[in-house]
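J.: My file is start05.cif. It has mmCIF, C-alpha atoms:
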data_coords
#
loop_
_atom_site.label_atom_id
_atom_site.label_comp_id
_atom_site.auth_asym_id
_atom_site.auth_seq_id
_atom_site.Cartn_x
_atom_site.Cartn_y
_atom_site.Cartn_z
CA MET A 1 48.47 -14.81 104.59
CA ILE A 2 47.40 -18.15 103.20
CA VAL A 3 44.84 -18.87 100.51
CA ALA A 4 42.26 -20.93 102.34
CA LEU A 5 40.01 -21.40 99.39
CA GLU A 6 39.66 -20.56 95.74
CA LEU A 7 36.44 -21.00 93.79
CA GLN A 8 35.65 -20.50 90.15
CA VAL A 9 31.96 -19.67 90.20
CA PRO A 10 29.75 -19.70 87.11
CA PRO A 11 28.15 -16.23 86.96
CA ARG A 12 24.63 -17.50 87.51
CA PRO A 13 22.29 -16.46 90.34
CA GLU A 14 21.73 -20.02 91.55
CA TYR A 15 25.36 -20.23 92.70
CA ILE A 16 25.27 -17.27 95.02
CA ALA A 17 23.91 -19.16 98.03
CA VAL A 18 26.78 -21.66 97.80
CA VAL A 19 29.38 -18.86 97.87
CA ARG A 20 27.72 -17.33 100.96
CA LEU A 21 27.62 -20.70 102.67
CA VAL A 22 31.25 -21.54 101.98
CA VAL A 23 32.58 -18.14 103.07
CA SER A 24 30.46 -18.03 106.23
CA SER A 25 31.49 -21.60 107.15
CA LEU A 26 35.15 -20.62 106.91
CA ALA A 27 34.51 -17.43 108.88
CA SER A 28 32.69 -19.27 111.64
CA GLY A 29 35.86 -21.29 112.24
CA ARG A 30 37.52 -18.12 113.50
CA ARG A 31 37.05 -17.84 117.23
CA ASN A 32 37.51 -14.07 117.34
CA LEU A 33 34.90 -13.32 114.75
CA ALA A 34 31.51 -12.64 116.33
CA ASP A 35 28.40 -14.09 114.71
CA GLU A 36 27.30 -10.58 113.83
CA ARG A 37 30.51 -9.99 111.89
CA ILE A 38 30.04 -13.29 110.06
CA ASP A 39 26.56 -12.10 109.02
CA ASP A 40 28.09 -8.81 107.84
CA LEU A 41 30.67 -10.64 105.75
CA LYS A 42 28.04 -13.00 104.35
CA LEU A 43 25.91 -10.04 103.25
CA ALA A 44 28.92 -8.22 101.75
CA VAL A 45 29.87 -11.36 99.80
CA SER A 46 26.32 -11.67 98.50
CA GLU A 47 26.34 -8.05 97.34
CA ALA A 48 29.75 -8.43 95.71
CA CYS A 49 28.81 -11.63 93.87
CA THR A 50 25.51 -10.10 92.71
CA ASN A 51 27.42 -7.15 91.22
CA ALA A 52 30.01 -9.44 89.64
CA PHE A 53 27.40 -11.75 88.12
CA GLU A 54 25.40 -8.82 86.78
CA ALA A 55 28.52 -7.22 85.30
CA HIS A 56 29.28 -10.50 83.50
CA GLU A 57 25.73 -10.68 82.22
CA ARG A 58 25.82 -7.09 80.92
CA ALA A 59 29.15 -7.72 79.23
CA GLY A 60 27.95 -11.04 77.81
CA VAL A 61 30.78 -12.87 79.58
CA THR A 62 30.19 -16.47 80.61
CA GLU A 63 33.55 -17.18 82.22
CA ALA A 64 33.71 -17.79 85.94
CA VAL A 65 33.93 -15.21 88.70
CA ARG A 66 36.90 -15.99 90.97
CA VAL A 67 36.36 -16.03 94.70
CA ARG A 68 39.39 -16.38 96.98
CA VAL A 69 39.42 -16.48 100.74
CA LEU A 70 42.71 -15.59 102.42
CA GLU A 71 43.45 -15.97 106.10
CA ALA A 72 46.01 -14.56 108.46
CA ASP A 73 46.11 -14.49 112.25
CA GLU A 74 44.35 -11.19 112.62
CA ARG A 75 42.26 -10.99 109.48
CA MET A 76 40.20 -12.76 106.88
CA GLU A 77 40.06 -11.48 103.35
CA VAL A 78 37.61 -12.28 100.57
CA GLU A 79 38.64 -11.36 97.07
CA ILE A 80 36.13 -11.38 94.24
CA THR A 81 37.43 -10.90 90.72
CA ASP A 82 35.14 -10.37 87.77
CA ARG A 83 35.67 -9.88 84.04
CA GLY A 84 32.61 -7.73 83.69
CA GLY A 85 34.30 -4.75 82.05
CA GLY A 86 35.13 -2.67 85.13
CA PHE A 87 33.65 0.52 86.59
CA ASP A 88 34.66 3.52 88.66
CA PRO A 89 33.56 2.88 92.26
CA ASP A 90 33.97 6.57 93.09
CA ARG A 91 31.54 7.71 90.42
CA LEU A 92 28.43 5.81 91.35
CA PRO A 93 25.09 7.58 90.93
CA LEU A 94 23.64 8.83 94.20
CA HIS A 95 20.12 8.10 95.35
CA PRO A 96 17.71 10.84 96.37
CA PRO A 97 17.42 11.05 100.18
CA VAL A 98 15.11 8.45 101.74
CA THR A 99 12.65 11.17 102.69
CA ASP A 100 12.21 12.14 99.02
CA PRO A 101 9.26 10.31 97.37
CA SER A 102 11.37 9.80 94.23
CA ARG A 103 13.63 7.53 96.31
CA LEU A 104 11.14 4.78 95.45
CA ASP A 105 12.18 4.99 91.80
CA PHE A 106 15.49 3.36 92.69
CA GLU A 107 15.52 -0.34 93.41
CA ARG A 108 19.20 -0.93 92.90
CA GLY A 109 22.50 0.69 93.74
CA LEU A 110 22.62 -0.16 97.42
CA GLY A 111 25.15 -2.97 97.12
CA ILE A 112 28.41 -0.99 97.15
CA PRO A 113 27.43 1.36 100.01
CA LEU A 114 26.41 -1.73 101.97
CA ILE A 115 29.72 -3.47 101.30
CA ARG A 116 31.64 -0.39 102.44
CA THR A 117 29.67 -0.26 105.68
CA LEU A 118 29.76 -3.96 106.46
CA VAL A 119 33.43 -4.87 106.15
CA ASP A 120 36.44 -3.29 107.85
CA LEU A 121 38.12 -2.55 104.55
CA ALA A 122 36.83 -2.67 100.97
CA ARG A 123 39.06 -1.95 97.99
CA PHE A 124 38.08 -1.96 94.36
CA GLU A 125 41.02 -2.56 92.04
CA PRO A 126 40.83 -2.47 88.26
CA VAL A 127 42.10 -5.68 86.67
CA GLU A 128 42.17 -6.87 83.08
CA ARG A 129 38.60 -6.64 81.72
CA GLY A 130 37.12 -6.20 85.16
CA THR A 131 37.36 -5.45 88.85
CA ARG A 132 38.85 -7.11 91.88
CA LEU A 133 37.13 -6.34 95.14
CA ARG A 134 39.08 -7.07 98.32
CA MET A 135 37.07 -7.18 101.51
CA VAL A 136 38.76 -7.51 104.87
CA VAL A 137 37.38 -8.31 108.29
CA PHE A 138 39.56 -8.34 111.37
CA GLY A 139 39.26 -10.95 114.06
CA GLY A 140 41.77 -13.73 114.42
CA PRO A 141 41.47 -17.44 114.99
CA ALA A 142 43.25 -17.31 118.34
CA GLY A 143 41.91 -15.80 121.54
CA ASP A 144 45.05 -13.82 122.37
CA GLY A 145 44.59 -10.68 120.27
CA GLY A 146 41.62 -9.11 121.89
CA ASP A 147 39.60 -6.15 120.77
CA GLU A 148 42.41 -3.68 121.35
CA THR A 149 44.62 -5.21 118.67
CA VAL A 150 41.73 -5.25 116.25
CA GLU A 151 40.98 -1.60 116.95
CA ILE A 152 44.62 -0.60 116.37
CA LEU A 153 44.73 -2.54 113.11
CA ARG A 154 41.54 -0.87 111.96
CA ALA A 155 42.96 2.57 112.74
CA VAL A 156 46.23 1.83 110.92
CA LEU A 157 44.44 0.52 107.84
CA ALA A 158 41.99 3.39 107.80
CA ASP A 159 44.98 5.75 107.63
CA GLU A 160 46.42 3.77 104.74
CA GLU A 161 43.34 4.39 102.62
CA MET B 1 17.44 -22.63 98.85
CA GLU B 2 13.78 -22.25 98.01
CA LEU B 3 11.84 -19.14 98.81
CA GLY B 4 8.58 -19.86 100.61
CA MET B 5 5.64 -17.51 100.24
CA GLU B 6 2.28 -17.88 101.90
CA VAL B 7 -0.63 -15.51 101.35
CA ASP B 8 -3.23 -14.92 104.05
CA ASP B 9 -6.12 -12.85 102.75
CA THR B 10 -8.54 -13.69 105.58
CA ARG B 11 -7.87 -10.43 107.41
CA PRO B 12 -9.27 -7.70 105.17
CA PRO B 13 -8.45 -5.02 104.30
CA HIS B 14 -4.96 -6.44 104.75
CA THR B 15 -3.22 -9.20 102.89
CA VAL B 16 -0.34 -10.86 104.70
CA LEU B 17 2.50 -12.34 102.68
CA ALA B 18 4.72 -14.51 104.88
CA VAL B 19 8.14 -15.10 103.35
CA THR B 20 10.56 -17.87 104.37
CA GLY B 21 14.10 -18.66 103.28
CA GLU B 22 16.75 -16.51 101.64
CA VAL B 23 16.00 -13.46 99.50
CA ASP B 24 18.83 -12.79 97.06
CA VAL B 25 19.43 -12.27 93.34
CA TYR B 26 18.31 -15.86 92.67
CA THR B 27 15.07 -15.86 94.65
CA ALA B 28 14.06 -12.17 94.59
CA PRO B 29 12.40 -12.37 91.14
CA ARG B 30 9.80 -14.74 92.64
CA LEU B 31 9.06 -12.27 95.43
CA ARG B 32 8.71 -9.53 92.83
CA GLU B 33 6.29 -11.65 90.77
CA LYS B 34 4.21 -12.35 93.87
CA LEU B 35 4.00 -8.67 94.82
CA VAL B 36 3.04 -7.72 91.25
CA GLU B 37 0.42 -10.47 91.27
CA LEU B 38 -1.10 -9.30 94.59
CA SER B 39 -1.17 -5.71 93.39
CA SER B 40 -2.78 -6.61 90.07
CA GLN B 41 -5.38 -8.74 91.88
CA GLY B 42 -6.44 -5.60 93.73
CA HIS B 43 -4.78 -6.26 97.10
CA LYS B 44 -3.90 -2.83 98.41
CA GLN B 45 -2.77 -3.08 102.01
CA VAL B 46 -0.02 -5.68 101.89
CA VAL B 47 1.96 -6.75 104.96
CA VAL B 48 5.15 -8.65 104.20
CA ASP B 49 6.13 -10.81 107.15
CA LEU B 50 9.93 -11.25 107.20
CA GLU B 51 10.13 -13.04 110.56
CA ARG B 52 11.14 -16.34 109.00
CA VAL B 53 13.51 -14.91 106.42
CA GLU B 54 17.03 -16.17 107.04
CA PHE B 55 18.85 -13.83 104.72
CA LEU B 56 18.02 -10.69 102.76
CA ASP B 57 20.37 -8.60 100.63
CA SER B 58 19.96 -5.44 98.59
CA THR B 59 18.28 -7.31 95.74
CA GLY B 60 15.52 -8.16 98.21
CA LEU B 61 15.40 -4.58 99.45
CA GLY B 62 15.00 -3.39 95.88
CA VAL B 63 12.06 -5.71 95.29
CA LEU B 64 10.36 -4.44 98.47
CA VAL B 65 10.97 -0.82 97.41
CA GLY B 66 9.44 -1.64 94.00
CA GLY B 67 6.46 -3.31 95.68
CA LEU B 68 5.93 -0.31 97.95
CA LYS B 69 6.01 2.03 94.97
CA ARG B 70 3.56 -0.08 92.98
CA LEU B 71 1.09 -0.37 95.86
CA ARG B 72 1.29 3.30 96.80
CA SER B 73 0.66 4.37 93.21
CA ASN B 74 -2.49 2.27 93.52
CA ASP B 75 -3.64 3.95 96.77
CA GLY B 76 -2.28 1.08 98.79
CA ASP B 77 0.72 0.46 101.02
CA LEU B 78 3.30 -2.15 101.90
CA ALA B 79 4.26 -2.64 105.54
CA LEU B 80 6.85 -5.00 106.97
CA VAL B 81 7.02 -7.25 110.00
CA CYS B 82 10.55 -7.82 111.24
CA THR B 83 12.26 -8.14 114.61
CA GLN B 84 15.41 -10.03 113.61
CA PRO B 85 18.43 -7.79 114.22
CA ARG B 86 20.42 -9.15 111.27
CA ILE B 87 17.59 -8.43 108.83
CA LEU B 88 16.71 -5.06 110.42
CA LYS B 89 20.34 -4.05 110.10
CA VAL B 90 20.10 -4.06 106.29
CA PHE B 91 17.19 -1.61 106.47
CA GLU B 92 19.00 0.55 109.01
CA ILE B 93 22.27 0.84 107.09
CA THR B 94 20.45 1.82 103.90
CA GLY B 95 18.13 4.27 105.66
CA LEU B 96 15.10 2.35 104.45
CA THR B 97 13.69 2.18 107.98
CA LYS B 98 12.46 5.68 107.14
CA VAL B 99 10.70 4.47 104.00
CA PHE B 100 8.94 1.38 105.34
CA SER B 101 6.65 1.00 108.28
CA ILE B 102 8.24 -1.89 110.21
CA SER B 103 6.24 -3.62 112.94
CA GLY B 104 7.17 -6.14 115.61
CA SER B 105 4.34 -8.54 114.79
CA VAL B 106 1.64 -9.18 112.19
CA ASP B 107 -1.05 -8.12 114.68
CA GLU B 108 0.74 -4.84 115.30
CA ALA B 109 1.05 -4.25 111.55
CA LEU B 110 -2.66 -4.95 111.04
CA ALA B 111 -3.58 -2.57 113.84
CA GLY B 112 -1.20 -0.05 112.41
#
Before anything else, please render the file you have as structure tokens.
T.:
Amino acid sequence: MIVALELQVPPRPEYIAVVRLVVSSLASGRRNLADERIDDLKLAVSEACTNAFEAHERAGVTEAVRVRVLEADERMEVEITDRGGGFDPDRLPLHPPVTDPSRLDFERGLGIPLIRTLVDLARFEPVERGTRLRMVVFGGPAGDGGDETVEILRAVLADEE
Amino acid sequence: MELGMEVDDTRPPHTVLAVTGEVDVYTAPRLREKLVELSSQGHKQVVVDLERVEFLDSTGLGVLVGGLKRLRSNDGDLALVCTQPRILKVFEITGLTKVFSISGSVDEALAG
């Protein structure tokens, strides 16, 4: 696994488009990653950065959010580390079902469920004064792996969780 | 990336808001302001055309949910126009396809 990129991003909304652009450019260099998966990763990164920036704002922290992109043959990993005080990802409030009229009272809170659906693996790790989110998508740069390898890797990693 | 918004109120009782660009935490406040403005001006049946939106994340979804709530509480409604798979996917994953009426074209939404 090599670190392909490391960014220190000021926690301000205007920087979010740049992070999406940089990560999706790197991802599009991987021949085994379909466009649809690049869109998924781009959306997950946007959600993760939004959460990180908002956590910094709530905590009154102006220091940068760290974004790292790591690459290996079969996977690409995006790591987003904030100093926004941390939270328990397993104790998020649940929304009412979409068929319930009171669902419309909730405009936020969709980011983390989206991240979990969009990437192959999402892990929230507590770090000093914050959270590190690791997001993994499988799909290598070379054309030799094929879908089968990716499926096996997904199964193995799902077991690990 | 700028968010483009164009209002067409020549097709009463509907008002069409065509959005272009990327809707995220940076640009979504402008979409929110526009929806609040339309609602407070008395526009009730609002159709938001997302066909030229290149990106939309949950911040954008939240603003649309808020707009729908505001309009409905005012006897109105907010419908969407969207055929792009990558944008539709965000609504599908979150189950919001069941909350919004989503049409394949502005004409279809107006007929709707």
J.: With all atoms listed in the file as the counted atoms, please give the residues lying no more than 12 Å from Glu33 of chain B, apart from itself and same-chain residues fewer than 5 positions off, as a ChimeraX atom specification.
T.: /B:5,27-28,38-40,63-64,66-67
J.: How far is it from atom CA of Gly76 of chain B to atom CA of His43 of chain B, in Å with one decimal?
T.: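 Interatomic distance, atom CA of Gly76 of chain B to atom CA of His43 of chain B: 7.9 Å.
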J.: Run the PyMOL selection byres ((chain A) within 6 of (chain B)) against the file shown and list the residues it catches, as JSON, numbers by chain.
T.: {"A": [13, 14, 104, 107, 108, 111]}
J.: When the PyMOL selection byres ((chain B and resi 53) around 10) is applied to the structure above, which residues does it catch, written out as a ChimeraX atom specification?
T.: /B:3-4,18-23,49-52,54-56,82,84,87
J.: Which one is closest to Val127 of chain A: A:Glu74, A:Asp90, A:Asp100, A:Asp82? Count all atoms listed in the file.
T.: A:Asp82
J.: Find the residue from A:Val119, A:Val22, A:Arg30, A:Pro113 that sits nearest to Leu92 of chain A; use all atoms listed in the file when measuring.
T.: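 Closest to Leu92 of chain A of all the choices is A:Pro113.
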J.: How far is it from atom CA of Asp9 of chain B to atom CA of Gly112 of chain B, in Å with one decimal?
T.: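 Value for the atom CA of Asp9 of chain B-atom CA of Gly112 of chain B distance: 16.8 Å.
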J.: If I take atom CA of Thr50 of chain A and atom CA of Arg32 of chain B, how far is one from the other in Å, to one decimal?
T.: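 Rounded to one decimal, the two atoms are 16.8 Å apart.
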J.: Go through B:Ala79, B:Pro12, B:Ser105, B:Leu71 one by one, measure the shortest atom-to-atom distance of each to Glu37 of chain B using only C-alpha atoms, and give the residue with the smallest value.
T.: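 Among the listed residues, the smallest separation from Glu37 of chain B belongs to B:Leu71.
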J.: Residues near Ile80 of chain A, anyone? I mean within 8 Å using only C-alpha atoms, not counting same-chain ones fewer than 5 positions away, as a compact mmCIF listing (two decimals) with C-alpha atoms, in the frame of the given file.
T.:
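Once written, selection17.txt looks like this:
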# COMPACT_ATOMS: atom_id res chain seq x y z
CA ALA A 48 29.75 -8.43 95.71
CA CYS A 49 28.81 -11.63 93.87
CA ALA A 52 30.01 -9.44 89.64
CA VAL A 65 33.93 -15.21 88.70
CA ARG A 66 36.90 -15.99 90.97
CA VAL A 67 36.36 -16.03 94.70
CA ARG A 68 39.39 -16.38 96.98
CA ARG A 132 38.85 -7.11 91.88
CA LEU A 133 37.13 -6.34 95.14
CA ARG A 134 39.08 -7.07 98.32
J.: Excluding Ala44 of chain A and residues on its chain fewer than 6 positions from it, collect all residues at most 9 Å away from it, counting only C-alpha atoms, and give them as a ChimeraX atom specification.
T.: /A:111-112,114-119,135 /B:57
J.: Report as a PyMOL selection string all protein, DNA and RNA residues lying within 9 Å of Lys44 of chain B, evaluated on only C-alpha atoms, omitting residues in the same chain fewer than 2 positions from it.
T.: chain B and resi 13-15+38-39+41-42+46+71-72+74-78
